[in-house]
>>> print(open('query33.txt').read())   # compact mmCIF, C-alpha atoms
# COMPACT_ATOMS: atom_id res chain seq x y z
CA MET A 1 201.14 150.72 217.13
CA GLU A 2 201.54 147.43 215.48
CA THR A 3 200.27 147.58 211.90
CA ASN A 4 198.77 144.32 210.87
CA ARG A 5 196.61 143.74 207.85
CA ARG A 6 193.38 144.29 209.81
CA VAL A 7 194.41 147.75 211.04
CA PHE A 8 195.76 148.78 207.65
CA LEU A 9 192.52 147.90 205.87
CA LYS A 10 190.45 149.78 208.45
CA VAL A 11 192.53 152.94 208.09
CA ALA A 12 192.56 152.74 204.30
CA GLY A 13 188.78 152.26 204.14
CA LEU A 14 188.08 155.16 206.48
CA ALA A 15 190.44 157.45 204.55
CA THR A 16 188.73 156.63 201.24
CA LEU A 17 185.29 157.20 202.73
CA GLY A 18 186.33 160.48 204.26
CA PHE A 19 187.79 161.70 200.97
CA MET A 20 184.65 160.72 199.05
CA VAL A 21 182.45 162.71 201.41
CA THR A 22 184.52 165.83 201.90
CA LYS A 23 185.86 166.44 198.36
CA PRO A 24 182.52 167.21 196.64
CA ALA A 25 181.42 169.21 199.65
CA LEU A 26 184.59 171.29 199.52
CA ASP A 27 184.18 171.77 195.76
CA VAL A 28 180.72 173.24 196.25
CA PHE A 29 181.98 175.67 198.85
CA ALA A 30 185.04 176.51 196.77
CA ARG A 31 182.77 177.74 193.97
CA GLY A 32 180.73 179.80 196.38
CA GLN A 33 177.56 179.25 194.37
CA PHE A 34 176.22 176.18 192.68
CA GLY A 35 178.02 176.62 189.38
CA GLU A 36 179.01 179.87 187.72
CA ALA A 37 178.27 180.21 184.01
CA SER A 38 174.68 179.49 183.17
CA VAL A 39 173.94 177.60 179.97
CA GLY A 40 172.39 180.64 178.34
CA GLU A 41 175.50 182.69 178.85
CA ALA A 42 177.74 180.04 177.42
CA LEU A 43 175.68 179.80 174.23
CA ASP A 44 175.57 183.50 173.50
CA PRO A 45 177.93 184.41 170.66
CA PRO A 46 180.85 186.64 171.49
CA HIS A 47 179.77 190.08 170.44
CA GLU A 48 182.00 193.08 170.35
CA VAL A 49 180.33 196.40 171.02
CA GLY A 50 181.26 199.28 168.78
CA THR A 51 182.06 197.46 165.55
CA THR A 52 181.78 199.63 162.49
CA THR A 53 180.67 197.12 159.89
CA LYS A 54 177.42 195.25 159.43
CA TRP A 55 177.12 193.72 156.01
CA GLY A 56 173.70 193.70 154.40
CA MET A 57 172.05 193.37 151.04
CA ALA A 58 169.10 194.82 149.18
CA VAL A 59 167.30 192.88 146.45
CA ASN A 60 165.44 194.82 143.80
CA LEU A 61 162.31 192.80 143.09
CA THR A 62 161.52 194.71 139.90
CA ALA A 63 164.93 194.60 138.32
CA CYS A 64 165.64 190.95 138.94
CA SER A 65 165.08 189.34 135.58
CA GLU A 66 164.97 185.81 136.89
CA LYS A 67 161.52 185.45 135.37
CA ASP A 68 163.23 185.62 132.00
CA GLY A 69 165.37 182.65 132.94
CA CYS A 70 168.45 184.53 134.10
CA THR A 71 170.55 182.56 136.58
CA ALA A 72 173.68 184.75 136.51
CA CYS A 73 173.91 185.29 140.27
CA THR A 74 173.28 181.67 141.17
CA ASP A 75 175.81 180.49 138.59
CA ALA A 76 178.47 182.94 139.73
CA CYS A 77 177.99 182.02 143.38
CA HIS A 78 177.83 178.30 142.87
CA ASP A 79 180.82 178.29 140.52
CA TYR A 80 182.94 180.30 142.91
CA HIS A 81 182.03 178.25 145.98
CA ASN A 82 182.16 174.82 144.34
CA VAL A 83 178.49 174.19 145.06
CA PRO A 84 177.54 170.83 143.55
CA ASP A 85 174.76 170.70 140.99
CA ILE A 86 172.59 167.84 142.23
CA ASP A 87 169.38 167.56 140.26
CA ASN A 88 167.29 166.12 143.06
CA LYS A 89 165.08 168.20 145.36
CA GLU A 90 165.92 166.08 148.36
CA GLU A 91 169.68 166.29 148.04
CA GLU A 92 170.24 169.56 146.21
CA ILE A 93 172.67 172.14 147.57
CA LYS A 94 171.90 175.81 147.17
CA TRP A 95 173.38 179.04 148.40
CA ILE A 96 171.31 181.52 146.39
CA TRP A 97 168.23 180.47 144.49
CA THR A 98 164.70 181.56 143.64
CA ALA A 99 161.31 180.88 145.18
CA PRO A 100 157.81 182.14 144.31
CA TYR A 101 156.90 185.50 145.85
CA GLU A 102 154.03 184.05 147.90
CA LYS A 103 156.38 181.46 149.42
CA VAL A 104 159.10 183.98 150.18
CA PHE A 105 156.65 186.42 151.76
CA PRO A 106 153.74 184.29 153.00
CA GLU A 107 152.28 187.26 154.85
CA HIS A 108 151.91 189.07 151.49
CA GLY A 109 149.98 186.22 149.92
CA ASN A 110 146.81 188.27 149.72
CA GLU A 111 143.99 187.38 147.39
CA PHE A 112 144.69 190.51 145.42
CA ILE A 113 148.27 191.66 144.97
CA GLU A 114 150.17 193.52 142.32
CA ASP A 115 150.18 191.63 139.05
CA ASP A 116 153.93 191.75 138.57
CA LEU A 117 154.55 190.25 142.00
CA ARG A 118 152.07 187.40 141.81
CA GLY A 119 153.96 184.21 141.17
CA SER A 120 157.16 186.07 140.40
CA GLU A 121 160.43 184.39 141.30
CA VAL A 122 162.37 186.08 144.10
CA MET A 123 166.06 185.66 144.86
CA VAL A 124 166.59 184.17 148.29
CA LEU A 125 169.75 183.46 150.24
CA CYS A 126 170.92 183.32 153.83
CA ASN A 127 169.57 186.44 155.56
CA HIS A 128 172.56 186.78 157.90
CA CYS A 129 170.06 187.51 160.64
CA GLU A 130 170.73 189.82 163.53
CA HIS A 131 169.44 187.05 165.81
CA PRO A 132 170.21 183.85 163.90
CA PRO A 133 168.34 180.84 165.29
CA CYS A 134 170.77 178.52 163.51
CA ILE A 135 173.74 179.50 165.65
CA LYS A 136 171.87 179.02 168.90
CA VAL A 137 171.25 175.38 168.15
CA CYS A 138 174.69 174.47 166.81
CA PRO A 139 176.26 172.12 169.35
CA THR A 140 179.84 172.61 168.12
CA ARG A 141 179.69 176.33 167.32
CA ALA A 142 180.53 175.46 163.76
CA THR A 143 178.31 178.37 162.82
CA TRP A 144 178.48 181.71 164.54
CA LYS A 145 177.95 185.41 163.95
CA ARG A 146 181.01 187.41 163.06
CA GLU A 147 181.51 190.93 164.29
CA ASP A 148 180.74 192.26 160.82
CA GLY A 149 177.35 190.54 160.87
CA ILE A 150 178.14 187.58 158.66
CA VAL A 151 176.66 184.32 159.87
CA MET A 152 179.71 182.21 159.18
CA MET A 153 180.17 178.48 158.77
CA ASP A 154 183.27 176.59 159.86
CA PHE A 155 183.09 173.44 157.75
CA HIS A 156 185.95 171.96 159.77
CA ARG A 157 183.83 171.88 162.89
CA CYS A 158 180.48 170.88 161.41
CA ILE A 159 179.46 167.41 162.57
CA GLY A 160 176.42 167.27 160.32
CA CYS A 161 173.77 167.08 163.03
CA ARG A 162 171.53 169.40 160.94
CA TYR A 163 170.10 171.22 163.99
CA CYS A 164 170.87 174.49 162.17
CA MET A 165 168.77 173.39 159.23
CA ALA A 166 165.88 172.74 161.58
CA GLY A 167 166.53 176.08 163.26
CA CYS A 168 166.64 178.21 160.10
CA PRO A 169 163.14 179.39 159.19
CA TYR A 170 164.27 180.35 155.68
CA GLY A 171 165.61 176.99 154.49
CA ALA A 172 168.90 178.68 153.71
CA ARG A 173 171.02 175.69 154.63
CA SER A 174 171.76 172.55 152.66
CA PHE A 175 173.19 169.25 153.76
CA ASN A 176 175.69 167.14 151.82
CA TRP A 177 174.01 163.76 151.78
CA LYS A 178 176.76 162.42 149.56
CA ASP A 179 180.23 163.35 148.40
CA PRO A 180 179.67 166.57 146.43
CA ARG A 181 182.82 166.36 144.33
CA PRO A 182 181.45 164.28 141.45
CA PHE A 183 178.69 166.88 141.03
CA ILE A 184 180.99 169.86 140.66
CA LYS A 185 181.56 170.52 136.98
CA GLU A 186 184.59 172.73 137.31
CA THR A 187 186.34 172.99 140.66
CA ASN A 188 187.57 176.41 141.73
CA PRO A 189 190.82 175.76 143.63
CA ASP A 190 190.46 179.10 145.44
CA PHE A 191 187.64 177.71 147.55
CA PRO A 192 187.40 174.30 149.20
CA THR A 193 184.70 171.85 148.31
CA ARG A 194 182.74 170.25 151.09
CA THR A 195 182.64 166.68 152.15
CA ARG A 196 179.80 164.30 152.89
CA GLY A 197 178.00 165.06 156.15
CA VAL A 198 178.55 168.82 156.24
CA VAL A 199 175.99 171.63 156.17
CA GLU A 200 176.64 174.61 153.94
CA LYS A 201 175.11 177.97 153.08
CA CYS A 202 175.84 181.45 151.77
CA ASN A 203 178.69 183.19 153.63
CA PHE A 204 178.23 186.63 152.01
CA CYS A 205 181.45 185.86 150.13
CA ALA A 206 183.58 186.36 153.23
CA LYS A 207 186.70 185.41 151.28
CA ARG A 208 186.00 187.85 148.45
CA LEU A 209 185.21 190.60 150.98
CA SER A 210 188.62 190.03 152.57
CA LYS A 211 190.15 190.83 149.19
CA GLY A 212 188.01 193.93 148.84
CA LEU A 213 185.70 192.40 146.25
CA GLN A 214 181.92 192.50 146.12
CA PRO A 215 180.05 189.21 146.56
CA ALA A 216 180.02 187.09 143.42
CA CYS A 217 176.23 187.33 142.97
CA VAL A 218 176.25 191.12 143.21
CA GLU A 219 179.03 191.38 140.67
CA ALA A 220 177.36 188.94 138.28
CA CYS A 221 173.83 190.41 138.18
CA PRO A 222 173.31 192.00 134.75
CA GLU A 223 170.43 194.11 136.09
CA LYS A 224 172.33 195.34 139.17
CA ALA A 225 169.37 194.08 141.18
CA LEU A 226 171.52 193.19 144.17
CA THR A 227 173.15 195.88 146.27
CA PHE A 228 175.64 194.93 148.93
CA GLY A 229 177.06 197.23 151.54
CA ASN A 230 177.68 198.31 155.07
CA LEU A 231 174.46 198.95 156.96
CA LEU A 232 176.31 201.03 159.56
CA ASP A 233 177.69 203.41 156.92
CA ASP A 234 175.20 206.28 156.62
CA HIS A 235 176.43 207.16 153.15
CA SER A 236 176.54 203.68 151.61
CA GLU A 237 174.56 202.98 148.46
CA LEU A 238 172.72 200.32 150.39
CA ARG A 239 171.54 202.75 153.06
CA GLU A 240 170.54 205.19 150.33
CA ILE A 241 168.28 202.53 148.79
CA LEU A 242 166.81 201.54 152.14
CA ALA A 243 166.10 205.17 152.95
CA THR A 244 164.25 205.87 149.71
CA HIS A 245 162.14 202.75 149.17
CA THR A 246 159.48 200.73 150.89
CA ILE A 247 161.35 197.70 152.12
CA VAL A 248 160.32 194.28 153.34
CA ARG A 249 162.19 191.50 155.03
CA ARG A 250 161.33 187.82 155.23
CA LEU A 251 159.20 186.56 158.12
CA PRO A 252 159.66 189.69 160.27
CA GLU A 253 157.29 188.29 162.92
CA LEU A 254 159.94 185.76 163.96
CA GLY A 255 162.25 188.45 165.27
CA THR A 256 165.31 187.11 163.50
CA GLU A 257 165.96 190.57 162.01
CA PRO A 258 167.26 189.63 158.56
CA ASN A 259 169.98 191.77 157.02
CA VAL A 260 168.74 191.05 153.49
CA TYR A 261 166.12 193.58 152.38
CA TYR A 262 163.70 193.49 149.46
CA TYR A 263 162.29 196.49 147.67
CA LYS A 264 160.49 197.47 144.49
CA ALA A 265 162.11 200.08 142.31
CA ASP A 266 159.88 202.94 141.18
CA MET B 1 211.04 117.97 173.63
CA TYR B 2 207.79 116.67 172.30
CA ASP B 3 206.76 117.66 168.78
CA ALA B 4 210.02 119.52 168.23
CA GLY B 5 209.54 119.42 164.47
CA LYS B 6 206.10 121.03 164.59
CA ILE B 7 207.10 123.67 167.13
CA ILE B 8 210.27 124.71 165.34
CA SER B 9 208.64 124.84 161.93
CA GLY B 10 205.78 126.79 163.51
CA ILE B 11 208.21 129.32 164.93
CA ILE B 12 209.93 129.62 161.57
CA ILE B 13 206.62 130.24 159.79
CA PHE B 14 205.70 132.81 162.44
CA PHE B 15 208.91 134.75 161.90
CA ILE B 16 208.51 134.63 158.14
CA LEU B 17 205.05 136.14 158.47
CA VAL B 18 206.10 138.75 161.01
CA SER B 19 209.03 139.84 158.88
CA PHE B 20 206.84 139.99 155.78
CA PRO B 21 207.04 143.80 155.38
CA ILE B 22 210.83 143.67 155.58
CA TRP B 23 211.56 140.97 153.07
CA ILE B 24 208.82 141.98 150.66
CA SER B 25 210.35 145.46 150.40
CA ALA B 26 213.81 143.91 150.20
CA ALA B 27 212.60 141.74 147.35
CA SER B 28 211.03 144.63 145.50
CA GLY B 29 214.13 146.77 146.01
CA THR B 30 212.37 149.56 147.93
CA ILE B 31 213.93 148.86 151.30
CA GLY B 32 216.18 151.90 151.44
CA ASP B 33 213.64 154.31 149.92
CA VAL B 34 213.18 157.63 151.62
CA PRO B 35 210.66 160.32 150.66
CA GLU B 36 211.79 162.46 147.75
CA LEU B 37 210.56 165.97 148.14
CA ASN B 38 210.21 168.23 145.16
CA LEU B 39 211.41 171.49 146.68
CA PRO B 40 210.67 174.79 144.98
CA ALA B 41 213.71 175.92 143.00
CA ASP B 42 213.14 179.65 143.26
CA GLU B 43 212.45 179.89 147.00
CA GLU B 44 215.12 179.69 149.67
CA GLN B 45 212.98 180.05 152.75
CA CYS B 46 209.65 178.51 153.76
CA VAL B 47 207.23 180.46 155.94
CA GLU B 48 209.38 179.49 158.89
CA ASP B 49 212.69 177.69 159.20
CA ALA B 50 212.60 174.35 157.35
CA GLU B 51 213.64 172.39 160.43
CA TRP B 52 210.83 173.96 162.42
CA MET B 53 208.34 173.45 159.62
CA ARG B 54 209.22 169.76 159.41
CA ALA B 55 208.30 169.30 163.06
CA ASN B 56 205.46 171.80 163.43
CA HIS B 57 203.74 172.35 160.07
CA MET B 58 200.59 170.61 161.27
CA ASP B 59 200.26 172.91 164.26
CA LEU B 60 200.93 175.93 162.07
CA LEU B 61 198.21 174.84 159.63
CA ILE B 62 195.67 174.27 162.41
CA ASP B 63 196.60 177.66 163.82
CA TRP B 64 196.16 179.31 160.41
CA ARG B 65 192.83 177.54 159.96
CA GLU B 66 191.47 178.81 163.29
CA THR B 67 192.80 182.32 162.76
CA VAL B 68 191.39 182.70 159.25
CA VAL B 69 188.05 181.00 159.69
CA ARG B 70 187.19 181.91 163.25
CA GLU B 71 188.85 185.31 163.58
CA GLY B 72 188.87 186.48 159.98
CA VAL B 73 192.55 187.44 160.18
CA ARG B 74 194.40 186.39 157.05
CA VAL B 75 197.89 187.78 157.38
CA TYR B 76 200.60 185.79 159.15
CA THR B 77 203.75 187.53 160.29
CA ALA B 78 206.63 185.06 160.25
CA SER B 79 209.40 185.16 162.81
CA ASP B 80 211.62 186.93 160.26
CA GLY B 81 209.02 189.68 159.92
CA LYS B 82 207.82 188.66 156.47
CA GLU B 83 204.05 188.61 155.95
CA TYR B 84 202.16 185.74 154.38
CA ASN B 85 198.57 185.14 153.37
CA MET B 86 197.39 182.31 155.61
CA SER B 87 196.12 179.97 152.95
CA LEU B 88 196.81 176.32 152.29
CA THR B 89 196.03 176.52 148.60
CA ASP B 90 197.25 180.05 147.89
CA THR B 91 200.44 180.09 149.95
CA CYS B 92 201.61 176.55 150.76
CA LEU B 93 200.66 175.01 147.45
CA ASP B 94 201.96 178.04 145.57
CA CYS B 95 205.40 176.49 146.15
CA HIS B 96 204.53 172.91 147.02
CA SER B 97 202.14 171.94 144.24
CA PRO B 98 201.45 169.25 143.20
CA LYS B 99 201.00 167.87 146.67
CA ALA B 100 201.83 164.40 145.38
CA GLU B 101 205.44 165.49 145.07
CA PHE B 102 205.62 167.12 148.47
CA CYS B 103 202.93 166.46 151.11
CA ASP B 104 202.13 162.93 150.03
CA GLN B 105 205.77 161.87 149.95
CA CYS B 106 206.22 161.87 153.72
CA HIS B 107 202.58 161.27 154.62
CA ASP B 108 202.50 158.11 152.55
CA TYR B 109 205.87 157.05 153.92
CA VAL B 110 204.70 157.21 157.53
CA ALA B 111 201.09 156.32 156.70
CA ALA B 112 199.76 159.60 158.05
CA VAL B 113 196.43 160.46 156.48
CA PRO B 114 195.52 164.11 157.02
CA ASN B 115 191.99 164.96 155.92
CA CYS B 116 192.85 168.36 154.38
CA TRP B 117 192.28 167.13 150.86
CA SER B 118 188.78 165.80 151.32
CA CYS B 119 187.74 169.44 150.90
CA HIS B 120 190.73 171.57 149.91
CA VAL B 121 191.74 171.45 146.28
CA ASP B 122 195.27 171.12 144.96
CA PRO B 123 195.40 173.36 141.89
CA GLY B 124 198.29 171.30 140.52
CA GLY B 125 196.54 167.95 140.52
CA SER B 126 194.23 165.75 142.50
>>> encode(input="query33.txt", output="structure tokens")
Amino acid sequence: METNRRVFLKVAGLATLGFMVTKPALDVFARGQFGEASVGEALDPPHEVGTTTKWGMAVNLTACSEKDGCTACTDACHDYHNVPDIDNKEEEIKWIWTAPYEKVFPEHGNEFIEDDLRGSEVMVLCNHCEHPPCIKVCPTRATWKREDGIVMMDFHRCIGCRYCMAGCPYGARSFNWKDPRPFIKETNPDFPTRTRGVVEKCNFCAKRLSKGLQPACVEACPEKALTFGNLLDDHSELREILATHTIVRRLPELGTEPNVYYYKAD
Amino acid sequence: MYDAGKIISGIIIFFILVSFPIWISAASGTIGDVPELNLPADEEQCVEDAEWMRANHMDLLIDWRETVVREGVRVYTASDGKEYNMSLTDTCLDCHSPKAEFCDQCHDYVAAVPNCWSCHVDPGGS
């Protein structure tokens, strides 16, 4: 057959059209179904069954002497993690801090409550929830739940969208609105600082745990009001406390299952 | 040729401007400068072979970063079997601090700007 321009263009056009129609159709059949992984599956954190560690904490409401102006745990934590000291409610960064009892436990804000609880300051920090809402909303998986229960932050991956801050019902996350470095009095070279546009929060001292140390706040508390331990270890001090006291957790109705417990010592 | 004077002088000015980086460094006497690395005196061997490190340190660091932060594994076994703590500040800078005398030497030379230091702290200087 003689190939002139007219014939060539006809053949080329038909071939392109045929490819455009058949390729997507073949792709659909090749997959068998219409897509494989559903969105829900993809967002679920990798979870290994049969892990032997689940870190948790118990806060002794009676022993905490914050009402006397003690800030030992906050200082120790913030010094270790290079948390900037920004004296401005809108831009402040906090990993462990205090809030009034009625704000921490709104469901306990009865008209009549125990005198020593009313208006008392309660230590609050990231609850390292069993079902953390913050990780479900993170678009880059910069925050995720480790096998040992720690809700971890990867500052490298954080794009600063602040979805996690909207997701966290406990306000445990802070955003770096500006370069934090000028607000750090003494920089600890063992831990990185953050940069502008990154969210940060308590990480249960993951780095100290890897060295076999207790979290900085637990170590620093002069009243030993904070107890840290493995919730899956039947004989841990933490489990002993939980077994012998009336315990409360923050906003239990949300189903986040916090791993930070509060109790009153006898 | 019309306007030969203008064209030729224009070409000369163009080449002077284009060659600006060359003659400015020639004039300031820095033309033959190469990075001067302050190598640790008491260590013979880096984590891996120096030649390999020169080419691949960035991949190694990214790998360390992912392994430590995402997987929680902190021990790196080098190809010679030696174990290292995977830490930029604790391990790398233990030998190579201050970074100004090591990292910055080459990075400045080739105008590579890694963003490690916007968060990580060099114990030996800023």
>>> closest_atom_pairs(input="query33.txt", of="chain B", to="chain A", cutoff="9 Å", atoms="all atoms listed in the file", output="Markdown table")
| residue | atom | partner | partner_atom | distance |
| --- | --- | --- | --- | --- |
| B:Arg65 | CA | A:His156 | CA | 8.9 |
| B:Val69 | CA | A:Asp154 | CA | 6.5 |
| B:Arg70 | CA | A:Asp154 | CA | 7.4 |
| B:Glu71 | CA | A:Arg146 | CA | 8.1 |
| B:Gly72 | CA | A:Ser210 | CA | 8.2 |
| B:Val73 | CA | A:Ser210 | CA | 8.9 |
| B:Arg74 | CA | A:Ser210 | CA | 8.2 |
| B:Thr89 | CA | A:Asp190 | CA | 6.9 |
| B:Asp90 | CA | A:Asp190 | CA | 7.3 |
| B:Trp117 | CA | A:Pro192 | CA | 8.8 |
| B:Ser118 | CA | A:Thr195 | CA | 6.3 |
| B:Cys119 | CA | A:Thr193 | CA | 4.7 |
| B:His120 | CA | A:Pro192 | CA | 4.4 |
| B:Val121 | CA | A:Pro189 | CA | 5.1 |
| B:Asp122 | CA | A:Pro189 | CA | 6.6 |
| B:Pro123 | CA | A:Pro189 | CA | 5.5 |
>>> atom_distance(input="query33.txt", atom1="atom CA of A:Asn203", atom2="atom CA of B:Met86")
18.8 Å
>>> residues_around(input="query33.txt", residues="B:Gln105", least_positions_apart="3", cutoff="12 Å", atoms="only C-alpha atoms", output="list in words")
Asp33, Val34, Pro35, Glu36, Leu37, Asn38, Leu39, His96, Pro98, Lys99, Ala100, Glu101, Phe102, Asp108, Tyr109, Val110, Ala111, Ala112 and Val113 of chain B
>>> residues_around(input="query33.txt", residues="A:Glu219", least_positions_apart="5", cutoff="9 Å", atoms="only C-alpha atoms", output="PyMOL selection string")
chain A and resi 73+76+213-214+224+226
>>> atom_distance(input="query33.txt", atom1="atom CA of B:Leu93", atom2="atom CA of B:Val47")
12.0 Å
>>> atom_distance(input="query33.txt", atom1="atom CA of A:Pro182", atom2="atom CA of A:Asn82")
11.0 Å
>>> residues_around(input="query33.txt", residues="A:Ala166", least_positions_apart="5", cutoff="9 Å", atoms="only C-alpha atoms", output="PyMOL selection string")
chain A and resi 134+137+171
>>> write_last_selection(input="query33.txt", atoms="C-alpha atoms", output="mmCIF file, in the coordinates of the input")
data_model
loop_
_atom_site.group_PDB
_atom_site.id
_atom_site.type_symbol
_atom_site.label_atom_id
_atom_site.label_comp_id
_atom_site.auth_asym_id
_atom_site.auth_seq_id
_atom_site.Cartn_x
_atom_site.Cartn_y
_atom_site.Cartn_z
ATOM 1 C CA CYS A 134 170.770 178.520 163.510
ATOM 2 C CA VAL A 137 171.250 175.380 168.150
ATOM 3 C CA GLY A 171 165.610 176.990 154.490
#
>>> closest_atom_pairs(input="query33.txt", of="stretch 85-199 of chain A", to="stretch 237-258 of chain A", cutoff="8 Å", atoms="only C-alpha atoms", output="CSV")
residue,atom,partner,partner_atom,distance
A:Val104,CA,A:Arg250,CA,6.7
A:Phe105,CA,A:Arg250,CA,6.0
A:Pro106,CA,A:Leu251,CA,7.8
A:Glu107,CA,A:Leu251,CA,7.7
A:Asn127,CA,A:Pro258,CA,5.0
A:His128,CA,A:Pro258,CA,6.1
A:Cys129,CA,A:Pro258,CA,4.1
A:Glu130,CA,A:Glu257,CA,5.1
A:His131,CA,A:Thr256,CA,4.7
A:Pro132,CA,A:Thr256,CA,5.9
A:Pro133,CA,A:Thr256,CA,7.2
>>> build_atoms(input="query33.txt", residues="stretch 134-152 of chain A", atoms="N, CA and C atoms", output="tab-separated table (two decimals), keeping the file's coordinate frame")
chain	number	residue	atom	x	y	z
A	134	CYS	N	169.89	179.64	163.85
A	134	CYS	CA	170.77	178.52	163.51
A	134	CYS	C	171.97	178.42	164.44
A	135	ILE	N	172.52	179.57	164.83
A	135	ILE	CA	173.74	179.50	165.65
A	135	ILE	C	173.44	179.09	167.08
A	136	LYS	N	172.21	179.38	167.52
A	136	LYS	CA	171.87	179.02	168.90
A	136	LYS	C	171.78	177.51	169.07
A	137	VAL	N	171.45	176.81	168.01
A	137	VAL	CA	171.25	175.38	168.15
A	137	VAL	C	172.49	174.57	167.79
A	138	CYS	N	173.51	175.23	167.24
A	138	CYS	CA	174.69	174.47	166.81
A	138	CYS	C	175.47	173.97	168.02
A	139	PRO	N	175.60	172.64	168.17
A	139	PRO	CA	176.26	172.12	169.35
A	139	PRO	C	177.79	172.27	169.34
A	140	THR	N	178.37	172.52	168.18
A	140	THR	CA	179.84	172.61	168.12
A	140	THR	C	180.31	174.03	167.82
A	141	ARG	N	179.38	174.96	167.73
A	141	ARG	CA	179.69	176.33	167.32
A	141	ARG	C	180.41	176.34	165.98
A	142	ALA	N	180.00	175.45	165.12
A	142	ALA	CA	180.53	175.46	163.76
A	142	ALA	C	179.95	176.63	162.99
A	143	THR	N	178.87	177.18	163.45
A	143	THR	CA	178.31	178.37	162.82
A	143	THR	C	178.15	179.42	163.90
A	144	TRP	N	178.51	180.64	163.56
A	144	TRP	CA	178.48	181.71	164.54
A	144	TRP	C	178.38	183.03	163.82
A	145	LYS	N	178.09	184.10	164.57
A	145	LYS	CA	177.95	185.41	163.95
A	145	LYS	C	179.23	186.20	164.12
A	146	ARG	N	179.78	186.62	162.99
A	146	ARG	CA	181.01	187.41	163.06
A	146	ARG	C	180.69	188.84	163.49
A	147	GLU	N	181.73	189.56	163.87
A	147	GLU	CA	181.51	190.93	164.29
A	147	GLU	C	180.97	191.81	163.17
A	148	ASP	N	181.24	191.45	161.93
A	148	ASP	CA	180.74	192.26	160.82
A	148	ASP	C	179.37	191.77	160.36
A	149	GLY	N	178.72	190.93	161.16
A	149	GLY	CA	177.35	190.54	160.87
A	149	GLY	C	177.18	189.28	160.05
A	150	ILE	N	178.26	188.77	159.49
A	150	ILE	CA	178.14	187.58	158.66
A	150	ILE	C	177.90	186.36	159.53
A	151	VAL	N	176.88	185.59	159.18
A	151	VAL	CA	176.66	184.32	159.87
A	151	VAL	C	177.53	183.30	159.16
A	152	MET	N	178.63	182.96	159.81
A	152	MET	CA	179.71	182.21	159.18
A	152	MET	C	179.59	180.72	159.48
